There are 2 protein chains.
Amino acid sequence: MRISGLSAATGVPVATVKYYLREGLLHPGERTGATQALYDESHVARLRLIRALLTVGGLTVAAVRDVLRSLEHDDMLEALATAQEGLSPKLADSVDLSAAQQAVGTLGWRVGMESTAMRQLAVALRAVSDAGLPLTTESLRHYADAAHRIAEREIGNMPTDGAEALTYAVVGTVLYEPVLLALRRLAHQDVSERVLGPT
Amino acid sequence: MRISGLSAATGVPVATVKYYLREGLLHPGERTGATQALYDESHVARLRLIRALLTVGGLTVAAVRDVLRSLEHDDMLEALATAQEGLSPKLADSVDLSAAQQAVGTLGWRVGMESTAMRQLAVALRAVSDAGLPLTTESLRHYADAAHRIAEREIGNMPTDGAEALTYAVVGTVLYEPVLLALRRLAHQDVSERVLGPT
């Protein structure tokens, strides 16, 4: 299909498609002339992925590019590491990790004690504390148990094919998050209704 | 304390404190002259809350103002409704809710079938599907079970004092999310390490 057809198939304006091509987010089509190229289903799929990462994932264009590049790595662990950086909010390097490390230490998890996720946890715990919200050790363990059950299921569901597994791991890290968060808010409605609402 | 002391106590630059005062995010201090005012611990607490909502919660200044105003409502349900809007990413009104409504319908939850959270779920499910990621009914139920257990615990922990309960509900909706997400990513590390790593 031409670029206009690609735009129609995905709902992404032609100017935006051109922008993604220039920025290297979208791979070039097959050239058929000085100013024309043909696009196929791989372009449709890639455009949907880009839009999902930008809108629902909330990534910047630069972060999307990092994530997409990581999908081209042959080495899966390398790809995951690259993706993890691209997927993470930019955090100050100077954040104090001790409270987060101590909390995770009591869980007995095998994790990078200075990993990006650990820094995310440190920032999150600090914000909860700064806002004056309670968070007992028991509640933290409760969140951790729920998170671990989710992770077990997610990794158990990983496709066995290498390339698919990588897409699942990298893209799923971002795109399953909003599903979980939306369900948490709906669950708040359900629990409130049962506890506080008319019977 | 003077504005310079407030800045020192919170790490927020004086110019930023003045901006929050102008925008109505921070309540005025006690006037002691034409250009001077005194601030107290309530200003320190409010500034920490504003920073947490902006940085970790990822809210805009306008959304923070909506959330803070909702804390002044006497009617708790009204306050929660106002806050829910402020806390939510701006979503297109035209999103198709049927897949999300059907999914939640099978759970038997009592929720607003056209609520903001339902729209969030619809957008999230659409993004997962657009990206070509798998999401079986069973996996969705697994996320839902985890989310429900979290919500039960969160609502069970709600303070009994009215004003504190409101702060907990409104601010906690945003600020516990990053804790859960960071723990999910750390759990991925732990599970991967156990499944794939050296024994």
# chains A, B, ... in the order shown; residues from 1 in each chain; ligands from 1
>>> residues_around(residues="Leu121 (chain A)", least_positions_apart="2", cutoff="6 Å", atoms="only C-alpha atoms", output="list in words")
Met118, Arg119, Val123 and Ala124 of chain A; Val179 and Ala182 of chain B
>>> write_last_selection(atoms="N, CA, C and O atoms", output="PDB file, in the first residue's frame")
ATOM      1  N   MET A 118      14.801  -0.877  41.207  1.00  0.00           N
ATOM      2  CA  MET A 118      15.039  -0.570  42.622  1.00  0.00           C
ATOM      3  C   MET A 118      14.969   0.941  42.841  1.00  0.00           C
ATOM      4  O   MET A 118      14.420   1.414  43.838  1.00  0.00           O
ATOM      5  N   ARG A 119      15.516   1.710  41.882  1.00  0.00           N
ATOM      6  CA  ARG A 119      15.435   3.164  42.010  1.00  0.00           C
ATOM      7  C   ARG A 119      13.989   3.639  41.903  1.00  0.00           C
ATOM      8  O   ARG A 119      13.572   4.562  42.610  1.00  0.00           O
ATOM      9  N   VAL A 123      12.053   5.841  44.802  1.00  0.00           N
ATOM     10  CA  VAL A 123      11.355   7.105  44.553  1.00  0.00           C
ATOM     11  C   VAL A 123       9.886   6.988  44.970  1.00  0.00           C
ATOM     12  O   VAL A 123       9.318   7.907  45.580  1.00  0.00           O
ATOM     13  N   ALA A 124       9.285   5.852  44.669  1.00  0.00           N
ATOM     14  CA  ALA A 124       7.873   5.653  45.000  1.00  0.00           C
ATOM     15  C   ALA A 124       7.665   5.634  46.511  1.00  0.00           C
ATOM     16  O   ALA A 124       6.723   6.242  47.028  1.00  0.00           O
TER      17      ALA A 124
ATOM     18  N   VAL B 179       4.497   2.220  43.561  1.00  0.00           N
ATOM     19  CA  VAL B 179       5.045   1.178  44.433  1.00  0.00           C
ATOM     20  C   VAL B 179       4.728  -0.189  43.837  1.00  0.00           C
ATOM     21  O   VAL B 179       5.603  -1.052  43.694  1.00  0.00           O
ATOM     22  N   ALA B 182       6.754  -0.734  40.543  1.00  0.00           N
ATOM     23  CA  ALA B 182       8.175  -1.010  40.778  1.00  0.00           C
ATOM     24  C   ALA B 182       8.351  -2.434  41.306  1.00  0.00           C
ATOM     25  O   ALA B 182       9.268  -3.157  40.892  1.00  0.00           O
TER      26      ALA B 182
END
>>> closest_atom_pairs(of="chain B", to="chain A", cutoff="7 Å", atoms="only C-alpha atoms", output="CSV")
residue,atom,partner,partner_atom,distance
B:Arg48,CA,A:Asp130,CA,5.6
B:Leu49,CA,A:Ala131,CA,4.7
B:Ala52,CA,A:Ala127,CA,5.1
B:Val56,CA,A:Ala124,CA,6.6
B:Trp109,CA,A:Asp190,CA,5.5
B:Arg110,CA,A:Asp190,CA,4.8
B:Val111,CA,A:Asp190,CA,5.5
B:Ala117,CA,A:Ala182,CA,5.5
B:Gln120,CA,A:Ala182,CA,5.7
B:Leu121,CA,A:Ala182,CA,5.0
B:Ala124,CA,A:Val179,CA,5.3
B:Leu125,CA,A:Val179,CA,6.6
B:Ala127,CA,A:Ala52,CA,5.1
B:Val128,CA,A:Leu175,CA,6.0
B:Asp130,CA,A:Arg48,CA,5.6
B:Ala131,CA,A:Leu49,CA,4.7
B:Leu133,CA,A:Tyr168,CA,6.4
B:Tyr143,CA,A:Leu180,CA,6.1
B:Ala144,CA,A:Leu183,CA,5.9
B:Ala146,CA,A:Ala146,CA,5.5
B:Ala147,CA,A:Arg184,CA,4.6
B:His148,CA,A:Ala187,CA,5.1
B:Ile150,CA,A:Tyr143,CA,6.7
B:Ala151,CA,A:His188,CA,5.3
B:Glu152,CA,A:Val191,CA,6.3
B:Tyr168,CA,A:Leu133,CA,6.4
B:Leu175,CA,A:Val128,CA,6.0
B:Tyr176,CA,A:Val128,CA,6.9
B:Pro178,CA,A:Ala124,CA,5.5
B:Val179,CA,A:Ala124,CA,5.3
B:Leu180,CA,A:Tyr143,CA,6.1
B:Ala182,CA,A:Leu121,CA,5.1
B:Leu183,CA,A:Ala144,CA,5.9
B:Arg184,CA,A:Ala147,CA,4.6
B:Arg185,CA,A:Ala117,CA,6.0
B:Leu186,CA,A:Ala117,CA,5.9
B:Ala187,CA,A:His148,CA,5.1
B:His188,CA,A:Ala151,CA,5.3
B:Gln189,CA,A:Val111,CA,5.6
B:Asp190,CA,A:Arg110,CA,4.8
B:Val191,CA,A:Glu152,CA,6.3
B:Glu193,CA,A:Arg110,CA,6.8
>>> residues_around(residues="His43 (chain B)", least_positions_apart="5", cutoff="9 Å", atoms="only C-alpha atoms", output="list in words")
Leu6, Leu26, His27, Pro28, Gly29 and Arg48 of chain B
>>> select_by_dssp(residues="region 45-170 of chain B", states="alpha helix (DSSP H)", output="PyMOL selection string")
chain B and resi 45-55+61-70+76-87+98-107+116-130+137-156+162-170
>>> decode(residues="region 111-142 of chain B", atoms="N, CA, C and O atoms", output="tab-separated table (two decimals), in the first residue's frame")
chain	number	residue	atom	x	y	z
B	111	VAL	N	-19.47	-1.94	39.47
B	111	VAL	CA	-18.71	-0.74	39.08
B	111	VAL	C	-19.52	0.08	38.10
B	111	VAL	O	-20.48	-0.42	37.50
B	112	GLY	N	-19.13	1.35	37.95
B	112	GLY	CA	-19.76	2.21	36.97
B	112	GLY	C	-19.37	1.75	35.58
B	112	GLY	O	-18.20	1.75	35.23
B	113	MET	N	-20.36	1.32	34.79
B	113	MET	CA	-20.04	0.72	33.50
B	113	MET	C	-19.55	1.75	32.49
B	113	MET	O	-19.05	1.40	31.43
B	114	GLU	N	-19.69	3.05	32.81
B	114	GLU	CA	-19.14	4.09	31.93
B	114	GLU	C	-18.20	5.00	32.72
B	114	GLU	O	-17.99	6.15	32.34
B	115	SER	N	-17.63	4.50	33.79
B	115	SER	CA	-16.75	5.32	34.63
B	115	SER	C	-15.41	5.56	33.94
B	115	SER	O	-15.07	4.90	32.95
B	116	THR	N	-14.67	6.49	34.47
B	116	THR	CA	-13.35	6.81	33.93
B	116	THR	C	-12.44	5.58	33.97
B	116	THR	O	-11.68	5.33	33.02
B	117	ALA	N	-12.53	4.82	35.06
B	117	ALA	CA	-11.68	3.64	35.17
B	117	ALA	C	-12.04	2.61	34.08
B	117	ALA	O	-11.15	1.92	33.55
B	118	MET	N	-13.33	2.53	33.74
B	118	MET	CA	-13.72	1.61	32.67
B	118	MET	C	-13.12	2.07	31.34
B	118	MET	O	-12.66	1.25	30.54
B	119	ARG	N	-13.09	3.38	31.14
B	119	ARG	CA	-12.49	3.89	29.91
B	119	ARG	C	-10.98	3.62	29.89
B	119	ARG	O	-10.41	3.28	28.86
B	120	GLN	N	-10.37	3.76	31.06
B	120	GLN	CA	-8.93	3.44	31.14
B	120	GLN	C	-8.69	1.98	30.75
B	120	GLN	O	-7.75	1.66	30.05
B	121	LEU	N	-9.54	1.11	31.27
B	121	LEU	CA	-9.38	-0.32	30.95
B	121	LEU	C	-9.58	-0.56	29.45
B	121	LEU	O	-8.83	-1.31	28.83
B	122	ALA	N	-10.57	0.11	28.88
B	122	ALA	CA	-10.85	-0.07	27.45
B	122	ALA	C	-9.64	0.34	26.62
B	122	ALA	O	-9.23	-0.37	25.68
B	123	VAL	N	-9.04	1.48	26.97
B	123	VAL	CA	-7.87	1.97	26.23
B	123	VAL	C	-6.69	1.01	26.41
B	123	VAL	O	-5.96	0.70	25.46
B	124	ALA	N	-6.52	0.52	27.63
B	124	ALA	CA	-5.41	-0.39	27.92
B	124	ALA	C	-5.57	-1.70	27.17
B	124	ALA	O	-4.60	-2.23	26.60
B	125	LEU	N	-6.78	-2.25	27.14
B	125	LEU	CA	-7.02	-3.51	26.43
B	125	LEU	C	-6.79	-3.33	24.93
B	125	LEU	O	-6.23	-4.20	24.26
B	126	ARG	N	-7.22	-2.19	24.42
B	126	ARG	CA	-7.05	-1.91	23.00
B	126	ARG	C	-5.55	-1.84	22.64
B	126	ARG	O	-5.12	-2.36	21.61
B	127	ALA	N	-4.76	-1.21	23.51
B	127	ALA	CA	-3.33	-1.07	23.24
B	127	ALA	C	-2.64	-2.43	23.25
B	127	ALA	O	-1.78	-2.71	22.41
B	128	VAL	N	-3.02	-3.28	24.19
B	128	VAL	CA	-2.45	-4.63	24.26
B	128	VAL	C	-2.77	-5.38	22.98
B	128	VAL	O	-1.91	-6.02	22.38
B	129	SER	N	-4.01	-5.25	22.56
B	129	SER	CA	-4.45	-5.95	21.35
B	129	SER	C	-3.75	-5.38	20.11
B	129	SER	O	-3.26	-6.11	19.25
B	130	ASP	N	-3.66	-4.05	20.01
B	130	ASP	CA	-2.99	-3.41	18.87
B	130	ASP	C	-1.52	-3.81	18.79
B	130	ASP	O	-0.96	-3.91	17.70
B	131	ALA	N	-0.91	-4.02	19.93
B	131	ALA	CA	0.51	-4.36	19.94
B	131	ALA	C	0.72	-5.84	19.65
B	131	ALA	O	1.86	-6.30	19.58
B	132	GLY	N	-0.38	-6.58	19.49
B	132	GLY	CA	-0.26	-8.01	19.18
B	132	GLY	C	0.12	-8.86	20.38
B	132	GLY	O	0.58	-9.99	20.23
B	133	LEU	N	-0.08	-8.31	21.59
B	133	LEU	CA	0.24	-9.08	22.79
B	133	LEU	C	-0.93	-9.99	23.14
B	133	LEU	O	-2.09	-9.62	22.97
B	134	PRO	N	-0.64	-11.17	23.70
B	134	PRO	CA	-1.73	-12.06	24.11
B	134	PRO	C	-2.35	-11.58	25.42
B	134	PRO	O	-1.68	-11.00	26.26
B	135	LEU	N	-3.64	-11.80	25.58
B	135	LEU	CA	-4.29	-11.56	26.88
B	135	LEU	C	-5.54	-12.43	26.92
B	135	LEU	O	-6.61	-12.06	26.44
B	136	THR	N	-5.38	-13.62	27.50
B	136	THR	CA	-6.50	-14.55	27.57
B	136	THR	C	-7.47	-14.11	28.68
B	136	THR	O	-7.11	-13.33	29.55
B	137	THR	N	-8.67	-14.64	28.62
B	137	THR	CA	-9.66	-14.38	29.67
B	137	THR	C	-9.11	-14.81	31.02
B	137	THR	O	-9.30	-14.14	32.03
B	138	GLU	N	-8.39	-15.92	31.00
B	138	GLU	CA	-7.82	-16.43	32.26
B	138	GLU	C	-6.76	-15.47	32.82
B	138	GLU	O	-6.72	-15.23	34.03
B	139	SER	N	-5.92	-14.94	31.94
B	139	SER	CA	-4.90	-14.00	32.41
B	139	SER	C	-5.54	-12.72	32.93
B	139	SER	O	-5.10	-12.15	33.93
B	140	LEU	N	-6.57	-12.26	32.24
B	140	LEU	CA	-7.25	-11.04	32.69
B	140	LEU	C	-7.86	-11.27	34.07
B	140	LEU	O	-7.78	-10.41	34.95
B	141	ARG	N	-8.43	-12.45	34.28
B	141	ARG	CA	-9.00	-12.76	35.58
B	141	ARG	C	-7.90	-12.81	36.66
B	141	ARG	O	-8.12	-12.42	37.81
B	142	HIS	N	-6.74	-13.25	36.26
B	142	HIS	CA	-5.60	-13.30	37.18
B	142	HIS	C	-5.19	-11.89	37.61
B	142	HIS	O	-4.97	-11.62	38.79
